[in-house]
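J.: Okay, so here is query-v4.cif, and as you'll see once you scroll down, it has mmCIF, C-alpha atoms.
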data_entry
#
loop_
_atom_site.label_atom_id
_atom_site.label_comp_id
_atom_site.auth_asym_id
_atom_site.auth_seq_id
_atom_site.Cartn_x
_atom_site.Cartn_y
_atom_site.Cartn_z
CA MET A 1 47.90 9.89 -4.54
CA SER A 2 49.33 12.76 -6.45
CA ALA A 3 49.32 16.14 -4.78
CA THR A 4 48.05 17.82 -7.97
CA TYR A 5 44.28 17.87 -8.42
CA SER A 6 43.95 20.45 -11.21
CA HIS A 7 42.76 17.81 -13.68
CA ILE A 8 39.56 17.14 -11.71
CA SER A 9 36.82 18.05 -14.15
CA ASP A 10 34.54 19.78 -11.63
CA PRO A 11 35.39 23.17 -10.09
CA VAL A 12 33.52 22.49 -6.80
CA LEU A 13 35.36 19.21 -6.20
CA GLU A 14 38.62 20.71 -7.41
CA GLU A 15 38.16 23.55 -4.91
CA GLN A 16 37.62 21.05 -2.08
CA CYS A 17 40.71 19.08 -3.06
CA GLU A 18 42.75 22.27 -3.39
CA LYS A 19 41.58 23.28 0.10
CA VAL A 20 42.93 19.99 1.43
CA ILE A 21 46.22 20.54 -0.43
CA ALA A 22 46.56 24.11 0.85
CA ALA A 23 46.46 22.70 4.37
CA GLY A 24 49.23 20.27 3.41
CA GLY A 25 46.89 17.31 2.97
CA ARG A 26 46.17 14.60 0.43
CA ILE A 27 43.18 12.42 -0.47
CA ALA A 28 42.96 8.64 -0.21
CA GLY A 29 40.50 5.81 -0.57
CA PRO A 30 39.13 3.81 -3.49
CA ALA A 31 37.08 6.74 -4.82
CA ALA A 32 40.11 9.07 -4.84
CA GLU A 33 41.60 7.49 -7.97
CA GLU A 34 38.23 7.56 -9.74
CA LEU A 35 37.81 11.22 -8.86
CA LEU A 36 41.37 12.19 -9.79
CA THR A 37 41.25 10.47 -13.18
CA SER A 38 37.83 11.91 -14.09
CA ARG A 39 36.22 8.46 -14.28
CA LEU A 40 33.24 9.52 -12.18
CA GLY A 41 30.13 9.30 -14.40
CA GLY A 42 28.20 12.44 -15.41
CA ASP A 43 25.11 11.69 -13.28
CA SER A 44 27.27 10.83 -10.27
CA LEU A 45 29.35 13.96 -10.77
CA ASN A 46 26.25 16.17 -11.02
CA TRP A 47 24.81 14.58 -7.88
CA LEU A 48 28.10 15.00 -6.06
CA LYS A 49 28.37 18.70 -7.02
CA THR A 50 25.17 19.48 -5.14
CA ASN A 51 25.57 16.97 -2.30
CA PHE A 52 29.29 16.83 -1.50
CA PHE A 53 28.97 18.35 1.96
CA GLU A 54 26.15 15.93 2.78
CA THR A 55 28.36 12.93 1.96
CA GLU A 56 30.52 13.50 5.04
CA LEU A 57 30.89 10.52 7.33
CA GLU A 58 32.81 9.97 10.53
CA LEU A 59 36.15 9.44 8.79
CA GLY A 60 35.68 10.90 5.30
CA HIS A 61 33.09 11.02 2.53
CA CYS A 62 31.09 8.41 0.63
CA LEU A 63 30.73 9.26 -3.06
CA ARG A 64 28.02 6.65 -3.63
CA ALA A 65 25.11 8.18 -5.57
CA PRO A 66 21.55 7.44 -4.33
CA ALA A 67 20.88 5.26 -7.38
CA GLU A 68 23.63 2.91 -6.18
CA GLY A 69 21.72 2.07 -3.02
CA PRO A 70 22.74 2.32 0.63
CA CYS A 71 26.21 1.52 1.86
CA GLU A 72 27.01 -0.70 4.80
CA SER A 73 28.59 0.67 7.96
CA ASP A 74 32.36 0.92 8.39
CA LEU A 75 32.69 2.33 4.89
CA TYR A 76 36.38 2.93 5.23
CA LEU A 77 36.90 -0.83 5.40
CA ARG A 78 35.48 -1.92 2.06
CA CYS A 79 33.35 0.63 0.19
CA SER A 80 34.67 1.46 -3.29
CA LYS A 81 33.07 4.91 -3.05
CA PHE A 82 34.81 5.91 0.18
CA LEU A 83 37.12 8.95 0.13
CA THR A 84 39.02 10.52 3.01
CA THR A 85 41.41 13.44 3.41
CA SER A 86 44.34 14.39 5.62
CA GLU A 87 42.07 16.43 7.85
CA TYR A 88 40.60 13.15 9.12
CA ALA A 89 44.03 11.75 10.09
CA PRO A 90 43.61 12.52 13.82
CA ARG A 91 40.29 10.66 13.86
CA LEU A 92 41.77 7.79 11.85
CA ARG A 93 44.62 7.54 14.36
CA SER A 94 42.09 7.58 17.19
CA GLY A 95 40.18 4.74 15.49
CA LEU A 96 43.44 2.84 15.07
CA ALA A 97 44.23 3.17 18.78
CA ARG A 98 40.72 1.98 19.62
CA GLU A 99 41.00 -1.08 17.35
CA GLN A 100 44.37 -1.95 18.85
CA GLN A 101 42.84 -1.78 22.34
CA PHE A 102 39.92 -3.96 21.21
CA ALA A 103 42.33 -6.51 19.71
CA GLN A 104 44.35 -6.61 22.94
CA ASP A 105 41.19 -7.04 25.01
CA ALA A 106 40.01 -9.86 22.72
CA LEU A 107 43.43 -11.52 23.00
CA GLU A 108 43.26 -11.38 26.80
CA ARG A 109 39.76 -12.89 26.72
CA GLY A 110 40.83 -15.70 24.41
CA ARG A 111 38.72 -14.64 21.41
CA PRO A 112 40.93 -15.24 18.35
CA ARG A 113 38.27 -14.33 15.76
CA GLU A 114 37.76 -10.96 17.44
CA VAL A 115 41.53 -10.42 17.51
CA GLU A 116 41.59 -11.18 13.78
CA ARG A 117 38.71 -8.80 13.04
CA HIS A 118 40.13 -5.88 15.02
CA THR A 119 43.60 -6.47 13.58
CA ALA A 120 42.16 -6.37 10.04
CA ILE A 121 40.38 -3.08 10.79
CA ALA A 122 43.58 -1.63 12.28
CA ASP A 123 45.50 -2.71 9.16
CA ARG A 124 42.95 -0.94 6.92
CA ILE A 125 43.26 2.25 8.95
CA ARG A 126 47.07 2.04 8.76
CA SER A 127 46.76 1.64 4.99
CA LEU A 128 44.58 4.76 4.70
CA LEU A 129 47.02 6.74 6.85
CA ALA A 130 49.92 5.56 4.69
CA ASP A 131 48.03 6.56 1.50
CA LEU A 132 47.57 10.01 3.03
CA GLY A 133 51.27 10.22 3.90
CA GLU A 134 50.32 10.40 7.59
CA SER A 135 51.90 8.69 10.57
CA ALA A 136 50.00 5.98 12.40
CA GLU A 137 51.52 7.22 15.66
CA PRO A 138 49.31 9.53 17.74
CA GLY A 139 50.07 13.20 17.23
CA PRO A 140 50.03 16.04 19.77
CA ASP A 141 46.75 17.39 18.37
CA ASP A 142 44.91 14.04 18.33
CA HIS A 143 42.19 14.19 21.00
CA CYS A 144 39.30 12.48 19.29
#
Output the file's structure in the form of structure tokens.
T.:
Amino acid sequence: MSATYSHISDPVLEEQCEKVIAAGGRIAGPAAEELLTSRLGGDSLNWLKTNFFETELELGHCLRAPAEGPCESDLYLRCSKFLTTSEYAPRLRSGLAREQQFAQDALERGRPREVERHTAIADRIRSLLADLGESAEPGPDDHC
């Protein structure tokens, strides 16, 4: 994703993105492109303006409007409305380490489908970290 968010059509969202940038961060996830290219519909944008802080999830934000219905868990794996920022990188790295441990445990127990599932989740987390320009290796400040 580009590090310039000045073309976001909403000042509240632009301010949030600029806050992330000021801290040296970026945004990633399927909803990031929609937000950055101003393709978010008017009703969704109005809803988001008043509810952005309530959209926070464990690893980012879900930009799904109430009219779109509930999302499934593990949003960062498949939800087209998921958005995350660099400030979640330590938690993403922690989740990656956890999934790698789960995959190893499943391998040792002879559960190939579980190995496959945890490996796929770890790959998705690595992809998000790469989109954010973040390392997948644990950092000194990662304690989550």
J.: Pull out every residue that the PyMOL selection byres ((chain A and resi 84) around 6) matches in the shown coordinates and put them as a list of chain:residue names.
T.: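 Selection result, ordered by chain and number: A:Ile27, A:Ala28, A:Gly60, A:His61, A:Leu83, A:Thr85.
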J.: What does the distance from CA of Leu40 (chain A) to CA of Cys79 (chain A) come to in Å, to one decimal?
T.: 15.2 Å
J.: Counting all atoms listed in the file, which residue out of A:Gly110, A:Pro30, A:Leu129, A:Thr119 sits closest to Tyr88 (chain A)?
T.: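 The shortest atom-to-atom distance to Tyr88 (chain A) comes from A:Leu129.
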J.: Please report the interatomic distance between CA of Arg91 (chain A) and CA of Ala136 (chain A) in Å with one decimal.
T.: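 That distance, rounded to one decimal, is 10.9 Å.
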J.: Quick one: pull the distance between CA of Val115 (chain A) and CA of Phe102 (chain A), Å, one decimal.
T.: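 For CA of Val115 (chain A) relative to CA of Phe102 (chain A), the distance reads 7.6 Å.
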J.: Taking only C-alpha atoms into account, name the residue in A:Ala122, A:Phe82, A:Arg117, A:Pro112 that is nearest to Arg98 (chain A).
T.: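 So, comparing all the options, the nearest one is A:Ala122.
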J.: Out of A:Arg124, A:Lys49, A:Arg26, A:Arg39, which residue has the shortest atom-to-atom distance to Leu92 (chain A) when counting only C-alpha atoms?
T.: A:Arg124
J.: Using all atoms listed in the file, pick whichever of A:Leu45, A:Ala97, A:Leu63, A:Ile121 has the shortest atom-to-atom distance to Asp142 (chain A).
T.: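 Of all the options, A:Ala97 lies closest to Asp142 (chain A).
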J.: Which one of A:Ser80, A:Gln100, A:Ser86, A:Ser94 sits closest to Asp123 (chain A) if you count all atoms listed in the file?
T.: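 With all atoms listed in the file as the atom set, the closest residue is A:Gln100.
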